[in-house]
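Taking it in order: structure first as structure tokens, then the write-up.
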Amino acid sequence: MEHSESGAVPTHVPLQDEPPGMRRRDLLGYAASAPLVSAAAAATVGLGGIAAPSSAKAAILPMTPPDTTDLIDIGDAVTLTALPTMPLVKVTNIANGRVRLELPRLESGQGIATAAAMMLADKLRLPLSAIEVGSADASPELIFNQLTGGSSSVRSLHAGMPLLGGLGGLLSGSANAVVGQRTTRLDALDIVTGRKKFSMDQAVPEAKPTMVCRPPTINGKFVRINNLNTVTAMPGVLGIAPIPATNGIVPTPPGVAVMAETFGQAWAAVNALDVTWTAGPVAGESNASIQQKLKGALLPFLLPPLGALTVEGEFEFAAVSHCPMETECAIADVRADRAEIWSGLQSPIVTQQAIAIELGLPLDKVKVHAVPSGGSFGRRLFWDATLQAVQASKALGRPCKLMYHRTDDMRHGRVRPPMFHRARATMLLGQVIAFEQRIAGVRLDTRHGFGEMLGAAAIALPNGFPQTVGNFAIEQVMFKTMVTSPYNFGVTTKLLTPVPIDMNTCSYRSVHIQPSRLVEEILVDDMARALRKDPVAFRLEYLRLPRARAVLKAAAAAAQWGKAMPAGFAQGVGVHQESKSFTACIVEIDGRVPTDVKVIRATIVIDVGTPINPSGIEAQMQGGLCESISIVLTAGLHIQNGLPLEGSYSQYHFARMKSYPKDVKVIIMPASTGEAIGGLGEVGLSASSGAIANAYARATGRKPRSFPLNFPVDFTPIPPGKLPTPVVVPVPA
């Protein structure tokens, strides 16, 4: 299946699992399109052996109906709703000739604080060293302007920079521009030296370590503690309290809070507790049973036109853990007349409002500090840990420093929903005339709304149901304004069917986009194979926009697409557009051991319109590649008897350094004149995911259909309801 150095287009070699026979309509399709396929396969051009489109072909059919994201995407919506309150964002002169920006977005490793400082420095013509960036407290007057998500932060801050309040009274200078220059992150030195303060590092007097005993199934209900006196008497234990169920916007995850003098003592007490629980709503469910329900929710495809050739497939996606380095955590100091909170929050305004309602306090008596976090990826759109810390502090009468154990974070935290996809491309006379995709997923919880209480409350009605009318509507809006296709494949339909299975779900980077586009990129390779065309050449024929073609051409040239490779090695390609940005990726993998494939080289080209910080862009794309390697090849959750088996990084197989290729090239396209600035974070996953899956198919001869591709239970699970014993490494004498 590999290309030779001469650039000849390879003949079609069936992948494993292809039926040995051909359906009658496929045979008719091949007969009808054979002359055009032969003509197209006969011509080549000089770009790394890419096959040239044939002149004897039908016209490419434009995407019908037009893509929603061409008109408005989620980043546009966030930007437009943020602009009215940009004058309220705090920018002030501080001591020593410096200016401070209170960033109304959560810095969780994306580098948005550095990008914002660079833009403000240029606006004021100050050196970057004169800019300080803090994290804004929850500020209800900002309304929609304090929600972090959808790869929209830099886009909205760039658009709102001229509107920031009080710019005329600030310091100004004549420094050279820094936007577009490679810049080290403002907090890089603090991070590597341990000086950066995350939630658990906040100096809150008398805040006591707290952990939570969890049920043996997702969302099991508390009944009683059977050995309360015994555990209360354990060393260091300060208090034990069931976390009460609530009927708020988002129900509190169930558990029993244990407060102690140290986290070690809290851990020991949690493991010693004997708690009676009722089974959760998904008790007895497994990956297989969930996938069967999702598959059964999809409508079948209609029959294609007579004589058409179809390429189709079914795809399974296991649940994925957000798995940030910093587990869910929060500090809460609740008093009779006030409360103060410290936590990494992507939606601090609705968090403040929900806590005020929970405690029966006026809003101005609840102070919420949004603390920069060590990773988020969508998880901190919700305030689960914060509300648990509030309840524990209130019940136990002390400031509470609550932290999830890694096992709790994976098993009882929020996950990217399991999904099942069915997709089909229809070709007639050698051209793609239709692309259809049906997606069923466990319903995505969107009850955080747009970061404020009014919208969140409407989405949550009627309260207590896993799927509400509002939740369904918002998930559909997110899908339509985020999931796009870069191709002219004629009549194009992508339909999402949320299935109301009561699991804890949340947006994970590209929650719908990455799996949907991964499926499409796999079928694009399958289409090219069916039509005897080179995968890059086929994409260049059908890509809708010049910027998409430009990034693909640049990637193909830089990666030497089509070069000869040894048996078991292969290149793979993927293209993606999202959030006004365009990217292409070509990877090379070693697939000699199909159960242990390795990405050995990657070339990524990214066009974000106007690059703010090339170093930050490069870091984001490398992070996206690492994430793609993980969730395509090895990282997922095995749900068994209503609980994920995974409970640590040793069991959840996210990529290690040894899994990351030593040869990675990120090419940033120059600023595009007249183009709006594009988003970045989530943009980095889809092209690299498609490239990895396609390289896997070419190297191994196996169809990539179930993700992650290599997914064994090669560990002994931690018993349900327990926390693992810490590993003690002896210190050499």
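Ordering of the structure tokens sets the chain letters (A, B, ...); residue numbers start at 1 within each chain; ligands are numbered from 1 in the order shown.
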Subject >> Residue neighbourhood Ala554 of chain A, 9 Å, only C-alpha atoms, exclusion window fewer than 3 positions, as a list in words >> reply: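 Returned residues: Arg549, Ala550, Val551, Ala557, Ala558, Ala559, Ala584, Val605 and Ile667 of chain A.
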Got time to write the residues from that selection, all heavy atoms, as an mmCIF file, in the first residue's frame?
data_model
loop_
_atom_site.group_PDB
_atom_site.id
_atom_site.type_symbol
_atom_site.label_atom_id
_atom_site.label_comp_id
_atom_site.auth_asym_id
_atom_site.auth_seq_id
_atom_site.Cartn_x
_atom_site.Cartn_y
_atom_site.Cartn_z
ATOM 1 N N ARG A 549 -6.232 24.099 1.385
ATOM 2 C CA ARG A 549 -5.325 23.512 0.393
ATOM 3 C C ARG A 549 -3.884 23.950 0.635
ATOM 4 O O ARG A 549 -2.943 23.168 0.463
ATOM 5 C CB ARG A 549 -5.778 23.887 -1.024
ATOM 6 C CG ARG A 549 -7.076 23.213 -1.439
ATOM 7 C CD ARG A 549 -7.346 23.384 -2.916
ATOM 8 N NE ARG A 549 -7.706 24.759 -3.256
ATOM 9 C CZ ARG A 549 -8.936 25.249 -3.206
ATOM 10 N NH1 ARG A 549 -9.946 24.480 -2.812
ATOM 11 N NH2 ARG A 549 -9.182 26.510 -3.538
ATOM 12 N N ALA A 550 -3.707 25.187 1.074
ATOM 13 C CA ALA A 550 -2.353 25.704 1.300
ATOM 14 C C ALA A 550 -1.649 24.962 2.429
ATOM 15 O O ALA A 550 -0.461 24.624 2.314
ATOM 16 C CB ALA A 550 -2.412 27.201 1.593
ATOM 17 N N VAL A 551 -2.356 24.701 3.542
ATOM 18 C CA VAL A 551 -1.691 23.995 4.641
ATOM 19 C C VAL A 551 -1.389 22.553 4.251
ATOM 20 O O VAL A 551 -0.352 21.995 4.643
ATOM 21 C CB VAL A 551 -2.520 24.048 5.951
ATOM 22 C CG1 VAL A 551 -2.604 25.473 6.479
ATOM 23 C CG2 VAL A 551 -3.901 23.450 5.794
ATOM 24 N N ALA A 557 4.762 18.829 1.178
ATOM 25 C CA ALA A 557 6.114 19.142 0.721
ATOM 26 C C ALA A 557 7.128 18.955 1.847
ATOM 27 O O ALA A 557 8.183 18.340 1.661
ATOM 28 C CB ALA A 557 6.169 20.564 0.184
ATOM 29 N N ALA A 558 6.807 19.458 3.046
ATOM 30 C CA ALA A 558 7.749 19.382 4.157
ATOM 31 C C ALA A 558 7.958 17.953 4.642
ATOM 32 O O ALA A 558 9.049 17.596 5.096
ATOM 33 C CB ALA A 558 7.262 20.254 5.318
ATOM 34 N N ALA A 559 6.927 17.125 4.556
ATOM 35 C CA ALA A 559 7.009 15.742 5.043
ATOM 36 C C ALA A 559 7.466 14.766 3.973
ATOM 37 O O ALA A 559 7.583 13.575 4.246
ATOM 38 C CB ALA A 559 5.654 15.305 5.584
ATOM 39 N N ALA A 584 -3.050 20.992 8.768
ATOM 40 C CA ALA A 584 -2.822 19.705 8.123
ATOM 41 C C ALA A 584 -1.700 19.006 8.854
ATOM 42 O O ALA A 584 -0.788 19.655 9.391
ATOM 43 C CB ALA A 584 -2.470 19.874 6.647
ATOM 44 N N VAL A 605 1.200 21.672 9.946
ATOM 45 C CA VAL A 605 1.129 23.044 9.429
ATOM 46 C C VAL A 605 -0.143 23.673 9.970
ATOM 47 O O VAL A 605 -1.220 23.065 9.914
ATOM 48 C CB VAL A 605 1.140 23.067 7.890
ATOM 49 C CG1 VAL A 605 1.056 24.511 7.380
ATOM 50 C CG2 VAL A 605 2.401 22.384 7.355
ATOM 51 N N ILE A 667 4.949 23.983 11.461
ATOM 52 C CA ILE A 667 5.123 25.103 10.534
ATOM 53 C C ILE A 667 3.933 26.044 10.700
ATOM 54 O O ILE A 667 2.780 25.633 10.526
ATOM 55 C CB ILE A 667 5.206 24.601 9.078
ATOM 56 C CG1 ILE A 667 6.399 23.652 8.916
ATOM 57 C CG2 ILE A 667 5.307 25.777 8.107
ATOM 58 C CD1 ILE A 667 6.419 22.916 7.588
#
Show me, as a tab-separated table, the residues of segment 464-541 of chain A having an atom within 12 Å of segment 315-324 of chain A, each with the closest atom pair and its distance in Å, using only C-alpha atoms.
residue	atom	partner	partner_atom	distance
A:Met503	CA	A:Ala319	CA	10.4
A:Asn504	CA	A:Ala319	CA	10.6
A:Thr505	CA	A:Ala319	CA	9.1
A:Cys506	CA	A:His322	CA	9.0
A:Ser507	CA	A:His322	CA	9.0
A:Tyr508	CA	A:His322	CA	6.4
A:Arg509	CA	A:His322	CA	8.6
A:Ser510	CA	A:His322	CA	11.7
A:Val511	CA	A:Val320	CA	9.8
A:His512	CA	A:Phe317	CA	11.1
A:Gln514	CA	A:Phe317	CA	10.8
A:Pro515	CA	A:Phe317	CA	7.7
A:Ser516	CA	A:Phe315	CA	9.9
A:Arg517	CA	A:Phe315	CA	12.0
A:Leu518	CA	A:Phe315	CA	9.9
A:Val519	CA	A:Phe315	CA	7.4
A:Glu520	CA	A:Phe315	CA	10.8
A:Ile522	CA	A:Phe315	CA	10.4
A:Leu523	CA	A:Phe315	CA	11.0
Original post:
What's the 12 Å shell around Ile131 of chain A, counting only C-alpha atoms, without same-chain residues fewer than 2 positions away, as a ChimeraX atom specification?
Top reply: /A:91-103,113-129,133-134,170-172,178,186
For those residues, write C-alpha atoms to a file as a tab-separated table (two decimals), in the first residue's frame.
chain	number	residue	atom	x	y	z
A	91	VAL	CA	-6.78	47.20	33.51
A	92	THR	CA	-4.90	49.37	36.00
A	93	ASN	CA	-1.60	51.14	36.56
A	94	ILE	CA	0.36	49.55	39.38
A	95	ALA	CA	3.71	50.32	41.01
A	96	ASN	CA	7.03	50.59	39.19
A	97	GLY	CA	5.65	51.65	35.84
A	98	ARG	CA	3.65	48.49	35.27
A	99	VAL	CA	0.15	47.77	33.99
A	100	ARG	CA	-2.01	44.91	35.33
A	101	LEU	CA	-4.74	43.09	33.42
A	102	GLU	CA	-7.30	41.05	35.35
A	103	LEU	CA	-7.76	38.22	32.82
A	113	ALA	CA	-2.27	34.99	29.77
A	114	THR	CA	0.93	35.45	27.78
A	115	ALA	CA	-0.97	36.11	24.54
A	116	ALA	CA	-3.19	38.68	26.29
A	117	ALA	CA	-0.12	40.41	27.77
A	118	MET	CA	1.49	40.57	24.32
A	119	MET	CA	-1.60	42.13	22.76
A	120	LEU	CA	-1.94	44.65	25.59
A	121	ALA	CA	1.77	45.52	25.40
A	122	ASP	CA	1.39	46.33	21.72
A	123	LYS	CA	-1.79	48.27	22.33
A	124	LEU	CA	-0.01	50.48	24.89
A	125	ARG	CA	3.36	50.33	23.11
A	126	LEU	CA	4.97	49.08	26.31
A	127	PRO	CA	7.61	46.36	26.69
A	128	LEU	CA	6.18	42.99	27.65
A	129	SER	CA	8.03	43.19	30.96
A	133	VAL	CA	-1.62	39.46	34.21
A	134	GLY	CA	-3.76	38.30	37.10
A	170	LEU	CA	-2.87	54.05	31.40
A	171	LEU	CA	0.84	54.19	30.96
A	172	SER	CA	2.02	54.21	27.37
A	178	VAL	CA	5.88	41.88	20.44
A	186	LEU	CA	5.10	34.67	31.52
Original post:
Using only C-alpha atoms, which residues sit within 10 Å of Gly280 of chain A once same-chain residues fewer than 4 positions away are excluded, as a list in words?
Top reply: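 The residues that qualify are Pro215, Pro216, Thr217, Ile218, Asn219, Gly220, Lys221, Gly284, Asp502, Met503, Gly642 and Leu643 of chain A.
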List the neighbours of Val204 of chain A out to 12 Å using only C-alpha atoms; skip same-chain residues closer than 5 positions along the sequence, and give me the result as an mmCIF file with N, CA and C atoms, in the first residue's frame.
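Output file out_6.cif is given in full below:
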data_model
loop_
_atom_site.group_PDB
_atom_site.id
_atom_site.type_symbol
_atom_site.label_atom_id
_atom_site.label_comp_id
_atom_site.auth_asym_id
_atom_site.auth_seq_id
_atom_site.Cartn_x
_atom_site.Cartn_y
_atom_site.Cartn_z
ATOM 1 N N SER A 199 -4.608 25.899 43.049
ATOM 2 C CA SER A 199 -5.648 25.962 44.084
ATOM 3 C C SER A 199 -5.161 25.453 45.434
ATOM 4 N N PRO A 209 -7.184 19.574 55.064
ATOM 5 C CA PRO A 209 -7.272 18.588 53.972
ATOM 6 C C PRO A 209 -8.531 17.749 54.076
ATOM 7 N N ALA A 330 -10.672 22.273 45.374
ATOM 8 C CA ALA A 330 -11.186 23.602 45.714
ATOM 9 C C ALA A 330 -10.976 23.850 47.198
ATOM 10 N N ILE A 331 -10.873 25.120 47.561
ATOM 11 C CA ILE A 331 -10.831 25.535 48.964
ATOM 12 C C ILE A 331 -12.071 26.381 49.225
ATOM 13 N N ALA A 332 -12.740 26.104 50.329
ATOM 14 C CA ALA A 332 -13.947 26.855 50.685
ATOM 15 C C ALA A 332 -13.904 27.228 52.159
ATOM 16 N N ASP A 333 -14.195 28.465 52.418
ATOM 17 C CA ASP A 333 -14.308 28.967 53.796
ATOM 18 C C ASP A 333 -15.724 29.525 53.941
ATOM 19 N N GLU A 340 -16.041 32.301 51.015
ATOM 20 C CA GLU A 340 -14.953 32.641 50.109
ATOM 21 C C GLU A 340 -14.424 31.350 49.502
ATOM 22 N N ILE A 341 -14.189 31.382 48.183
ATOM 23 C CA ILE A 341 -13.853 30.179 47.426
ATOM 24 C C ILE A 341 -12.583 30.425 46.620
ATOM 25 N N TRP A 342 -11.751 29.375 46.496
ATOM 26 C CA TRP A 342 -10.573 29.400 45.618
ATOM 27 C C TRP A 342 -10.595 28.133 44.776
ATOM 28 N N ARG A 398 -15.409 24.295 59.405
ATOM 29 C CA ARG A 398 -14.017 24.705 59.232
ATOM 30 C C ARG A 398 -13.771 25.021 57.757
ATOM 31 N N PRO A 399 -12.782 25.841 57.450
ATOM 32 C CA PRO A 399 -12.372 25.977 56.052
ATOM 33 C C PRO A 399 -11.906 24.621 55.515
ATOM 34 N N CYS A 400 -12.268 24.330 54.302
ATOM 35 C CA CYS A 400 -12.063 23.001 53.720
ATOM 36 C C CYS A 400 -11.142 23.096 52.509
ATOM 37 N N LYS A 401 -10.140 22.234 52.468
ATOM 38 C CA LYS A 401 -9.240 22.116 51.317
ATOM 39 C C LYS A 401 -9.491 20.739 50.704
#
Please produce, as a tab-separated table, a per-residue contact table for segment 75-120 of chain A versus segment 676-696 of chain A (criterion: any atom at most 12 Å away, only C-alpha atoms considered), showing the nearest atom pair and its distance in Å to one decimal, sorted by chain then residue number.
residue	atom	partner	partner_atom	distance
A:Gly75	CA	A:Gly679	CA	7.5
A:Asp76	CA	A:Gly678	CA	9.9
A:Val78	CA	A:Gly679	CA	11.6
A:Thr79	CA	A:Gly679	CA	11.3
A:Ser108	CA	A:Gly681	CA	11.2
A:Gly109	CA	A:Gly681	CA	10.2
A:Gln110	CA	A:Gly681	CA	7.0
A:Gly111	CA	A:Gly681	CA	9.8
A:Ile112	CA	A:Gly681	CA	10.1
A:Ala115	CA	A:Leu680	CA	11.9
Original post:
Which of these residues is nearest to Lys367 of chain A, using only C-alpha atoms: A:Ala136, A:Leu306, A:Ile72, A:Ala697?
Top reply: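 Of A:Ala136, A:Leu306, A:Ile72, A:Ala697, the one nearest Lys367 of chain A is A:Ala136, counting only C-alpha atoms.
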**OP:** Enumerate, as an NGL selection string, the complete set of residues in segment 273-519 of chain A that a backbone-based DSSP assignment places in strand (DSSP E or B).
**Re:** :A and (275-278 or 309-317 or 320-321 or 329-334 or 339-343 or 366-370 or 400-403 or 415-416 or 419-428 or 431-442 or 487 or 491-499 or 505)
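If you look at atom CA of Pro242 of chain A and atom CA of Ala395 of chain A, they are 8.7 Å away from each other.
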Original post:
Between atom CA of Pro704 of chain A and atom CA of Ile589 of chain A, what is the spacing in Å?
Top reply: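 Interatomic distance here is 14.2 Å.
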Subject >> Atom-to-atom span, atom CA of Val432 of chain A and atom CA of Leu540 of chain A, Å >> reply: 13.5 Å
**OP:** Have a look at A:Gly464, A:Pro104, A:Gly248, A:Pro717 and name the one nearest to Gln640 of chain A; count only C-alpha atoms.
**Re:**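 Among the listed residues, the smallest separation from Gln640 of chain A belongs to A:Pro717.
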Compile the contact shell of Val524 of chain A as a short mmCIF file (atom, residue, chain, number, x, y, z; two decimals) with C-alpha atoms, in the first residue's frame: residues with an atom at most 12 Å away, counting only C-alpha atoms, same-chain residues fewer than 5 positions apart removed.
data_model
loop_
_atom_site.label_atom_id
_atom_site.label_comp_id
_atom_site.auth_asym_id
_atom_site.auth_seq_id
_atom_site.Cartn_x
_atom_site.Cartn_y
_atom_site.Cartn_z
CA THR A 310 -20.38 3.56 -1.39
CA VAL A 311 -17.71 3.60 1.25
CA GLU A 312 -18.97 3.30 4.78
CA GLY A 313 -18.06 2.26 8.30
CA ALA A 423 -20.75 7.23 8.16
CA ARG A 424 -21.13 6.72 4.42
CA ALA A 425 -19.76 8.40 1.33
CA THR A 426 -21.57 7.93 -1.99
CA MET A 427 -19.70 8.22 -5.28
CA VAL A 432 -18.30 12.11 -4.40
CA PHE A 435 -21.46 12.32 2.67
CA SER A 485 -16.11 19.71 7.19
CA PRO A 486 -13.39 21.12 4.94
CA TYR A 487 -14.60 19.20 1.86
CA ASN A 488 -17.00 19.67 -1.04
CA PHE A 489 -18.69 16.27 -0.81
CA ARG A 517 -13.62 14.61 11.95
CA LEU A 518 -11.52 11.53 12.69
CA VAL A 519 -14.25 9.38 11.17
CA ARG A 529 -8.46 4.01 -2.13
CA ALA A 530 -11.74 3.02 -3.77
CA LEU A 531 -11.14 5.50 -6.60
CA LYS A 533 -6.29 8.00 -5.99
CA ASP A 534 -3.51 9.25 -3.80
CA PRO A 535 -4.92 10.46 -0.43
CA VAL A 536 -3.29 13.90 -0.64
CA ALA A 537 -4.27 14.43 -4.28
CA PHE A 538 -7.83 13.36 -3.51
CA ARG A 539 -8.04 15.88 -0.67
CA LEU A 540 -6.65 18.69 -2.82
CA GLU A 541 -9.44 18.04 -5.32
CA TYR A 542 -12.20 18.28 -2.74
CA LEU A 543 -11.03 20.82 -0.16
CA GLY A 572 -0.82 9.10 7.10
CA VAL A 573 -2.50 12.44 6.41
CA GLY A 574 -5.27 14.50 7.94
CA VAL A 575 -6.71 17.99 7.27
CA GLY A 690 -6.89 11.44 11.27
CA ALA A 691 -3.25 11.22 10.20
CA ALA A 693 -5.46 6.48 12.14
CA ASN A 694 -4.75 6.57 8.40
#
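Shortest separation to Met410 of chain A among A:Lys196, A:His638, A:Lys293, A:His369 occurs at residue A:His638, atoms counted being only C-alpha atoms.
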**OP:** Fewer than 5 positions away in the same chain doesn't count, so skip those; otherwise give me all residues within 12 Å of Ser373 of chain A, counting only C-alpha atoms, as number ranges by chain.
**Re:** A: 105-111, 135, 191, 196-201, 324-330, 342-346, 378-380
